[in-house]
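**Q** File follows, structure14.pdb with PDB, C-alpha atoms:
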MODEL        1
ATOM      1  CA  MET X   1      82.843  69.062 126.522  1.00  0.00           C
ATOM      2  CA  HIS X   2      85.418  71.684 125.834  1.00  0.00           C
ATOM      3  CA  LYS X   3      86.004  75.060 124.346  1.00  0.00           C
ATOM      4  CA  LEU X   4      86.755  74.946 120.648  1.00  0.00           C
ATOM      5  CA  ARG X   5      90.131  75.726 119.105  1.00  0.00           C
ATOM      6  CA  ASN X   6      90.145  79.294 117.845  1.00  0.00           C
ATOM      7  CA  ASP X   7      90.839  78.280 114.243  1.00  0.00           C
ATOM      8  CA  ALA X   8      88.428  75.304 113.968  1.00  0.00           C
ATOM      9  CA  LEU X   9      85.451  77.403 112.910  1.00  0.00           C
ATOM     10  CA  ALA X  10      87.483  79.242 110.282  1.00  0.00           C
ATOM     11  CA  PHE X  11      86.683  76.234 108.088  1.00  0.00           C
ATOM     12  CA  ALA X  12      82.912  76.209 108.822  1.00  0.00           C
ATOM     13  CA  ARG X  13      80.833  75.379 105.738  1.00  0.00           C
ATOM     14  CA  HIS X  14      77.489  74.087 107.082  1.00  0.00           C
ATOM     15  CA  ILE X  15      75.315  74.984 110.085  1.00  0.00           C
ATOM     16  CA  CYS X  16      72.191  73.192 111.292  1.00  0.00           C
ATOM     17  CA  GLU X  17      70.037  73.458 114.432  1.00  0.00           C
ATOM     18  CA  ASP X  18      68.614  70.335 116.093  1.00  0.00           C
ATOM     19  CA  GLY X  19      65.354  69.977 118.041  1.00  0.00           C
ATOM     20  CA  GLN X  20      67.026  70.850 121.351  1.00  0.00           C
ATOM     21  CA  GLY X  21      68.408  74.136 120.012  1.00  0.00           C
ATOM     22  CA  ASN X  22      71.977  72.881 119.699  1.00  0.00           C
ATOM     23  CA  MET X  23      73.914  74.231 116.740  1.00  0.00           C
ATOM     24  CA  TRP X  24      75.864  71.745 114.608  1.00  0.00           C
ATOM     25  CA  ILE X  25      78.731  73.120 112.566  1.00  0.00           C
ATOM     26  CA  GLY X  26      80.325  71.129 109.744  1.00  0.00           C
ATOM     27  CA  THR X  27      83.757  72.213 108.614  1.00  0.00           C
ATOM     28  CA  PHE X  28      85.897  71.721 105.544  1.00  0.00           C
ATOM     29  CA  SER X  29      88.803  70.177 107.440  1.00  0.00           C
ATOM     30  CA  ALA X  30      88.135  70.262 111.196  1.00  0.00           C
ATOM     31  CA  GLY X  31      85.227  67.788 111.526  1.00  0.00           C
ATOM     32  CA  LEU X  32      81.798  68.303 113.066  1.00  0.00           C
ATOM     33  CA  HIS X  33      81.113  70.425 116.154  1.00  0.00           C
ATOM     34  CA  ARG X  34      78.024  70.609 118.372  1.00  0.00           C
ATOM     35  CA  CYS X  35      77.526  73.781 120.383  1.00  0.00           C
ATOM     36  CA  ASP X  36      75.444  72.989 123.467  1.00  0.00           C
ATOM     37  CA  SER X  37      72.499  75.416 123.584  1.00  0.00           C
ATOM     38  CA  THR X  38      72.468  75.707 127.371  1.00  0.00           C
ATOM     39  CA  LEU X  39      76.156  75.745 128.304  1.00  0.00           C
ATOM     40  CA  GLY X  40      77.763  77.030 125.116  1.00  0.00           C
ATOM     41  CA  ASN X  41      80.382  74.266 125.207  1.00  0.00           C
ATOM     42  CA  PHE X  42      81.494  72.379 122.119  1.00  0.00           C
ATOM     43  CA  VAL X  43      81.680  68.661 121.417  1.00  0.00           C
ATOM     44  CA  THR X  44      83.858  67.724 118.465  1.00  0.00           C
ATOM     45  CA  TYR X  45      83.446  64.704 116.207  1.00  0.00           C
ATOM     46  CA  ASP X  46      86.431  64.041 113.971  1.00  0.00           C
ATOM     47  CA  ASP X  47      88.409  61.226 112.392  1.00  0.00           C
ATOM     48  CA  LYS X  48      90.303  60.647 115.647  1.00  0.00           C
ATOM     49  CA  ASN X  49      87.441  60.351 118.174  1.00  0.00           C
ATOM     50  CA  SER X  50      84.446  59.105 116.141  1.00  0.00           C
ATOM     51  CA  CYS X  51      83.581  56.820 113.245  1.00  0.00           C
ATOM     52  CA  LEU X  52      84.171  59.666 110.751  1.00  0.00           C
ATOM     53  CA  MET X  53      86.649  58.616 108.060  1.00  0.00           C
ATOM     54  CA  THR X  54      87.375  62.256 107.178  1.00  0.00           C
ATOM     55  CA  ASN X  55      87.101  65.728 108.667  1.00  0.00           C
ATOM     56  CA  CYS X  56      85.589  67.137 105.446  1.00  0.00           C
ATOM     57  CA  ILE X  57      81.869  67.726 106.096  1.00  0.00           C
ATOM     58  CA  THR X  58      79.934  68.449 102.880  1.00  0.00           C
ATOM     59  CA  GLY X  59      76.388  68.797 104.238  1.00  0.00           C
ATOM     60  CA  LEU X  60      74.107  68.667 107.298  1.00  0.00           C
ATOM     61  CA  CYS X  61      70.362  67.926 107.505  1.00  0.00           C
ATOM     62  CA  TYR X  62      68.227  67.465 110.612  1.00  0.00           C
ATOM     63  CA  ASP X  63      65.188  65.156 110.719  1.00  0.00           C
ATOM     64  CA  GLY X  64      62.950  66.232 113.600  1.00  0.00           C
ATOM     65  CA  ASN X  65      60.829  63.073 113.421  1.00  0.00           C
ATOM     66  CA  SER X  66      63.736  60.748 114.209  1.00  0.00           C
ATOM     67  CA  GLN X  67      65.878  63.376 115.975  1.00  0.00           C
ATOM     68  CA  SER X  68      68.666  62.410 113.595  1.00  0.00           C
ATOM     69  CA  LEU X  69      71.337  64.655 112.157  1.00  0.00           C
ATOM     70  CA  TYR X  70      72.528  63.405 108.774  1.00  0.00           C
ATOM     71  CA  VAL X  71      76.148  64.260 108.092  1.00  0.00           C
ATOM     72  CA  ALA X  72      77.409  64.123 104.505  1.00  0.00           C
ATOM     73  CA  THR X  73      81.150  63.838 103.976  1.00  0.00           C
ATOM     74  CA  SER X  74      83.671  63.233 101.246  1.00  0.00           C
ATOM     75  CA  THR X  75      83.756  59.587 102.425  1.00  0.00           C
ATOM     76  CA  GLY X  76      80.117  58.692 103.010  1.00  0.00           C
ATOM     77  CA  LEU X  77      77.017  59.382 105.084  1.00  0.00           C
ATOM     78  CA  TYR X  78      76.840  59.364 108.881  1.00  0.00           C
ATOM     79  CA  VAL X  79      73.942  59.710 111.323  1.00  0.00           C
ATOM     80  CA  VAL X  80      74.009  61.317 114.768  1.00  0.00           C
ATOM     81  CA  ASP X  81      71.270  60.579 117.306  1.00  0.00           C
ATOM     82  CA  THR X  82      70.985  64.110 118.666  1.00  0.00           C
ATOM     83  CA  GLY X  83      69.420  62.851 121.900  1.00  0.00           C
ATOM     84  CA  THR X  84      72.397  60.666 122.833  1.00  0.00           C
ATOM     85  CA  GLY X  85      75.146  62.215 120.706  1.00  0.00           C
ATOM     86  CA  ARG X  86      75.970  58.774 119.276  1.00  0.00           C
ATOM     87  CA  MET X  87      77.294  58.783 115.705  1.00  0.00           C
ATOM     88  CA  GLU X  88      77.280  55.827 113.312  1.00  0.00           C
ATOM     89  CA  CYS X  89      77.892  55.145 109.645  1.00  0.00           C
ATOM     90  CA  ALA X  90      74.628  55.160 107.714  1.00  0.00           C
ATOM     91  CA  ALA X  91      73.604  51.669 106.679  1.00  0.00           C
ATOM     92  CA  ALA X  92      72.752  51.155 103.040  1.00  0.00           C
ATOM     93  CA  GLY X  93      71.101  47.761 103.134  1.00  0.00           C
ATOM     94  CA  GLU X  94      72.729  44.652 101.753  1.00  0.00           C
ATOM     95  CA  SER X  95      75.255  46.470  99.563  1.00  0.00           C
ATOM     96  CA  ASP X  96      77.067  49.195 101.449  1.00  0.00           C
ATOM     97  CA  THR X  97      76.918  51.728  98.610  1.00  0.00           C
ATOM     98  CA  LEU X  98      77.249  54.645 101.046  1.00  0.00           C
ATOM     99  CA  ALA X  99      80.674  53.629 102.336  1.00  0.00           C
ATOM    100  CA  SER X 100      83.424  55.801 100.841  1.00  0.00           C
ATOM    101  CA  LEU X 101      80.876  57.696  98.723  1.00  0.00           C
ATOM    102  CA  HIS X 102      81.821  61.325  98.002  1.00  0.00           C
ATOM    103  CA  ILE X 103      78.665  63.326  98.748  1.00  0.00           C
ATOM    104  CA  SER X 104      78.732  66.843  97.328  1.00  0.00           C
ATOM    105  CA  CYS X 105      75.396  68.053  98.743  1.00  0.00           C
ATOM    106  CA  MET X 106      72.256  66.847 100.497  1.00  0.00           C
ATOM    107  CA  ALA X 107      68.660  67.735 101.376  1.00  0.00           C
ATOM    108  CA  ILE X 108      65.833  66.097 103.339  1.00  0.00           C
ATOM    109  CA  ASP X 109      62.229  66.112 102.126  1.00  0.00           C
ATOM    110  CA  SER X 110      58.859  66.000 103.913  1.00  0.00           C
ATOM    111  CA  HIS X 111      58.785  62.181 103.612  1.00  0.00           C
ATOM    112  CA  GLY X 112      62.027  62.013 105.604  1.00  0.00           C
ATOM    113  CA  LEU X 113      63.986  60.878 102.551  1.00  0.00           C
ATOM    114  CA  VAL X 114      67.576  62.084 102.509  1.00  0.00           C
ATOM    115  CA  TRP X 115      68.697  63.121  99.024  1.00  0.00           C
ATOM    116  CA  LEU X 116      72.410  62.740  98.365  1.00  0.00           C
ATOM    117  CA  GLY X 117      74.090  64.521  95.458  1.00  0.00           C
ATOM    118  CA  THR X 118      77.249  62.837  94.156  1.00  0.00           C
ATOM    119  CA  ASN X 119      79.501  62.887  91.093  1.00  0.00           C
ATOM    120  CA  ASN X 120      77.519  59.887  89.805  1.00  0.00           C
ATOM    121  CA  GLY X 121      73.961  61.163  90.265  1.00  0.00           C
ATOM    122  CA  ILE X 122      71.516  61.289  93.164  1.00  0.00           C
ATOM    123  CA  MET X 123      70.604  58.731  95.811  1.00  0.00           C
ATOM    124  CA  ALA X 124      67.322  58.715  97.727  1.00  0.00           C
ATOM    125  CA  TYR X 125      68.092  57.293 101.188  1.00  0.00           C
ATOM    126  CA  SER X 126      65.467  56.195 103.709  1.00  0.00           C
ATOM    127  CA  GLY X 127      66.756  56.590 107.255  1.00  0.00           C
ATOM    128  CA  SER X 128      63.775  54.702 108.684  1.00  0.00           C
ATOM    129  CA  GLU X 129      64.416  51.737 106.365  1.00  0.00           C
ATOM    130  CA  ARG X 130      68.199  52.236 106.576  1.00  0.00           C
ATOM    131  CA  ARG X 131      68.698  51.740 102.855  1.00  0.00           C
ATOM    132  CA  VAL X 132      69.085  53.476  99.517  1.00  0.00           C
ATOM    133  CA  LEU X 133      65.703  53.429  97.783  1.00  0.00           C
ATOM    134  CA  ARG X 134      66.862  54.599  94.386  1.00  0.00           C
ATOM    135  CA  CYS X 135      69.902  55.846  92.506  1.00  0.00           C
ATOM    136  CA  LEU X 136      69.073  58.369  89.792  1.00  0.00           C
ATOM    137  CA  SER X 137      71.368  59.281  86.892  1.00  0.00           C
ATOM    138  CA  GLU X 138      71.319  60.637  83.352  1.00  0.00           C
ATOM    139  CA  ALA X 139      69.762  57.313  82.305  1.00  0.00           C
ATOM    140  CA  ASP X 140      66.731  58.241  84.480  1.00  0.00           C
ATOM    141  CA  GLY X 141      66.446  61.742  83.009  1.00  0.00           C
ATOM    142  CA  LEU X 142      68.847  63.840  85.111  1.00  0.00           C
ATOM    143  CA  GLN X 143      70.485  66.656  83.153  1.00  0.00           C
ATOM    144  CA  GLY X 144      73.872  65.432  84.351  1.00  0.00           C
ATOM    145  CA  ASN X 145      75.420  63.080  86.884  1.00  0.00           C
ATOM    146  CA  ARG X 146      77.662  65.630  88.635  1.00  0.00           C
ATOM    147  CA  ILE X 147      75.343  67.173  91.251  1.00  0.00           C
ATOM    148  CA  HIS X 148      76.240  70.615  92.622  1.00  0.00           C
ATOM    149  CA  ALA X 149      73.189  71.506  94.744  1.00  0.00           C
ATOM    150  CA  LEU X 150      69.819  70.126  95.878  1.00  0.00           C
ATOM    151  CA  ALA X 151      66.692  71.957  97.053  1.00  0.00           C
ATOM    152  CA  ILE X 152      63.146  70.963  98.011  1.00  0.00           C
ATOM    153  CA  ASP X 153      60.289  73.209  96.838  1.00  0.00           C
ATOM    154  CA  HIS X 154      56.977  73.941  98.623  1.00  0.00           C
ATOM    155  CA  SER X 155      55.320  71.017  96.770  1.00  0.00           C
ATOM    156  CA  GLY X 156      57.952  68.552  97.955  1.00  0.00           C
ATOM    157  CA  ASN X 157      59.673  68.236  94.580  1.00  0.00           C
ATOM    158  CA  ILE X 158      63.442  67.966  94.448  1.00  0.00           C
ATOM    159  CA  TRP X 159      65.514  70.325  92.322  1.00  0.00           C
ATOM    160  CA  ALA X 160      69.057  69.436  91.320  1.00  0.00           C
ATOM    161  CA  SER X 161      71.660  71.647  89.708  1.00  0.00           C
ATOM    162  CA  THR X 162      74.137  69.640  87.686  1.00  0.00           C
ATOM    163  CA  ALA X 163      77.244  70.427  85.674  1.00  0.00           C
ATOM    164  CA  THR X 164      75.060  70.548  82.530  1.00  0.00           C
ATOM    165  CA  GLY X 165      71.674  71.857  83.640  1.00  0.00           C
ATOM    166  CA  VAL X 166      68.852  71.744  86.184  1.00  0.00           C
ATOM    167  CA  SER X 167      66.557  68.789  86.828  1.00  0.00           C
ATOM    168  CA  ASN X 168      63.266  68.503  88.698  1.00  0.00           C
ATOM    169  CA  ILE X 169      62.507  65.228  90.488  1.00  0.00           C
ATOM    170  CA  ILE X 170      58.882  64.535  91.310  1.00  0.00           C
ATOM    171  CA  VAL X 171      58.186  62.031  94.081  1.00  0.00           C
ATOM    172  CA  ASP X 172      54.867  60.200  94.111  1.00  0.00           C
ATOM    173  CA  ARG X 173      53.479  57.064  95.731  1.00  0.00           C
ATOM    174  CA  GLY X 174      52.821  54.038  93.554  1.00  0.00           C
ATOM    175  CA  GLU X 175      49.839  51.709  93.838  1.00  0.00           C
ATOM    176  CA  ASP X 176      51.896  49.433  96.075  1.00  0.00           C
ATOM    177  CA  GLY X 177      52.669  52.328  98.469  1.00  0.00           C
ATOM    178  CA  GLY X 178      56.298  52.575  97.349  1.00  0.00           C
ATOM    179  CA  TYR X 179      57.916  55.710  95.995  1.00  0.00           C
ATOM    180  CA  VAL X 180      57.930  56.548  92.299  1.00  0.00           C
ATOM    181  CA  PHE X 181      60.575  59.006  91.064  1.00  0.00           C
ATOM    182  CA  SER X 182      60.251  61.012  87.824  1.00  0.00           C
ATOM    183  CA  CYS X 183      63.162  63.136  86.523  1.00  0.00           C
ATOM    184  CA  LEU X 184      62.318  66.083  84.284  1.00  0.00           C
ATOM    185  CA  PRO X 185      64.716  68.499  82.602  1.00  0.00           C
ATOM    186  CA  TYR X 186      64.320  72.164  83.470  1.00  0.00           C
ATOM    187  CA  TYR X 187      66.086  74.700  81.305  1.00  0.00           C
TER
ENDMDL
END
Rewrite the structure of this file - the entire thing - as structure tokens.
**A**
Amino acid sequence: MHKLRNDALAFARHICEDGQGNMWIGTFSAGLHRCDSTLGNFVTYDDKNSCLMTNCITGLCYDGNSQSLYVATSTGLYVVDTGTGRMECAAAGESDTLASLHISCMAIDSHGLVWLGTNNGIMAYSGSERRVLRCLSEADGLQGNRIHALAIDHSGNIWASTATGVSNIIVDRGEDGGYVFSCLPYY
């Protein structure tokens, strides 16, 4: 652990608290930083000392059930076990569709699904299954494929702002227990 460079936090873009009270700070060009809640020291994760392929962090989401911090970047998705501090590239199942993926935004819902906004639509990622469950695009009813922001409402529905409008994604369970995704335009 060390004290942080004075200028590193000048590029802070995302802040997230984990279950132990540590603050995680994602920056535009200086990587990811964890501020220890008890000592106030910083641990830095960057492209020189971790598996990060870039120092451009585009989103942070914490899942209290798995104690995982999801880290979106301009080159893919990463997961930090906040208990151990270990970071790894997020697995995407048989086809590694998350490697080198530019993620513009992210959100996590009450099911523990991580929603990834990209320039080619939205991916629903299951951390527990370690795979992408579904890729949604204009063909599925999204207003546009270029996703600018994601939000989860009180009913658990996903809202996406795109370059050409707003979409509402409703998540239900099918008869087989799997997820069913419905995209609706919202003007």
**Q** When you look at X:Asp47 with a cut-off of 12 Å (counting all atoms listed in the file), what residues show up, excluding the ones that are within fewer than 2 positions of it in the same chain? I need them as a CSV table (one decimal) with C-alpha atoms, in the coordinates of the input.
**A**
chain,number,residue,atom,x,y,z
X,29,SER,CA,88.8,70.2,107.4
X,30,ALA,CA,88.1,70.3,111.2
X,31,GLY,CA,85.2,67.8,111.5
X,32,LEU,CA,81.8,68.3,113.1
X,44,THR,CA,83.9,67.7,118.5
X,45,TYR,CA,83.4,64.7,116.2
X,49,ASN,CA,87.4,60.4,118.2
X,50,SER,CA,84.4,59.1,116.1
X,51,CYS,CA,83.6,56.8,113.2
X,52,LEU,CA,84.2,59.7,110.8
X,53,MET,CA,86.6,58.6,108.1
X,54,THR,CA,87.4,62.3,107.2
X,55,ASN,CA,87.1,65.7,108.7
X,56,CYS,CA,85.6,67.1,105.4
X,57,ILE,CA,81.9,67.7,106.1
X,73,THR,CA,81.2,63.8,104.0
X,75,THR,CA,83.8,59.6,102.4
X,87,MET,CA,77.3,58.8,115.7
**Q** In Å, with one decimal, what is the gap from atom CA of X:Leu98 to atom CA of X:His14?
**A**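 Interatomic distance, atom CA of X:Leu98 to atom CA of X:His14: 20.4 Å.
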**Q** Using all atoms listed in the file, which residue out of X:Asp7, X:Asp176, X:Asp109, X:Glu129 lies closest to X:Asn157?
**A**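 Counting all atoms listed in the file, the residue closest to X:Asn157 is X:Asp109.
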**Q** Name the residues in contact with X:Gly85 at a cut-off of 10 Å, using only C-alpha atoms, excluding same-chain residues fewer than 6 positions from it; report them as a ChimeraX atom specification.
**A** /X:34,43,45,68-69,79
**Q** Expand the PyMOL selection byres ((chain X and resi 66) around 10) into the individual residues it matches in the shown file, reporting them as number ranges by chain.
**A** X: 62-65, 67-69, 81-83, 112, 127-128
**Q** Suppose a student applies the PyMOL selection byres ((chain X and resi 150) around 8) to this structure; what residues should they get, written as number ranges by chain?
**A** X: 105-107, 115, 117, 147-149, 151-152, 158-161
**Q** Set up a box along x, y and z of the file covering all listed atoms of stretch 64-82 of chain X, add 4 Å on every one of the six sides, and write the centre and edge lengths in Å to one decimal, as AutoDock Vina command-line options.
**A**
--center_x 72.3 --center_y 62.5 --center_z 110.0 --size_x 30.9 --size_y 15.5 --size_z 25.4
**Q** Please evaluate the PyMOL selection byres ((chain X and resi 167-172) around 9) against the displayed coordinates and give the resulting residues as a list in words.
**A**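 Selection result, ordered by chain and number: Gly141, Leu142, Gln143, Gly144, Gly156, Asn157, Ile158, Trp159, Ala160, Ser161, Thr162, Gly165, Val166, Arg173, Gly174, Gly178, Tyr179, Val180, Phe181, Ser182, Cys183, Leu184, Pro185, Tyr186 and Tyr187 of chain X.
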**Q** Need the neighbours of (63.4, 56.8, 99.2): which residues are at most 6 Å away, counting all atoms listed in the file, as a PDB file with C-alpha atoms, in the frame of the given file?
**A**
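Dumped everything to part_1.pdb:
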ATOM      1  CA  LEU X 113      63.986  60.878 102.551  1.00  0.00           C
ATOM      2  CA  ALA X 124      67.322  58.715  97.727  1.00  0.00           C
ATOM      3  CA  TYR X 125      68.092  57.293 101.188  1.00  0.00           C
ATOM      4  CA  SER X 126      65.467  56.195 103.709  1.00  0.00           C
ATOM      5  CA  LEU X 133      65.703  53.429  97.783  1.00  0.00           C
TER       6      LEU X 133
END
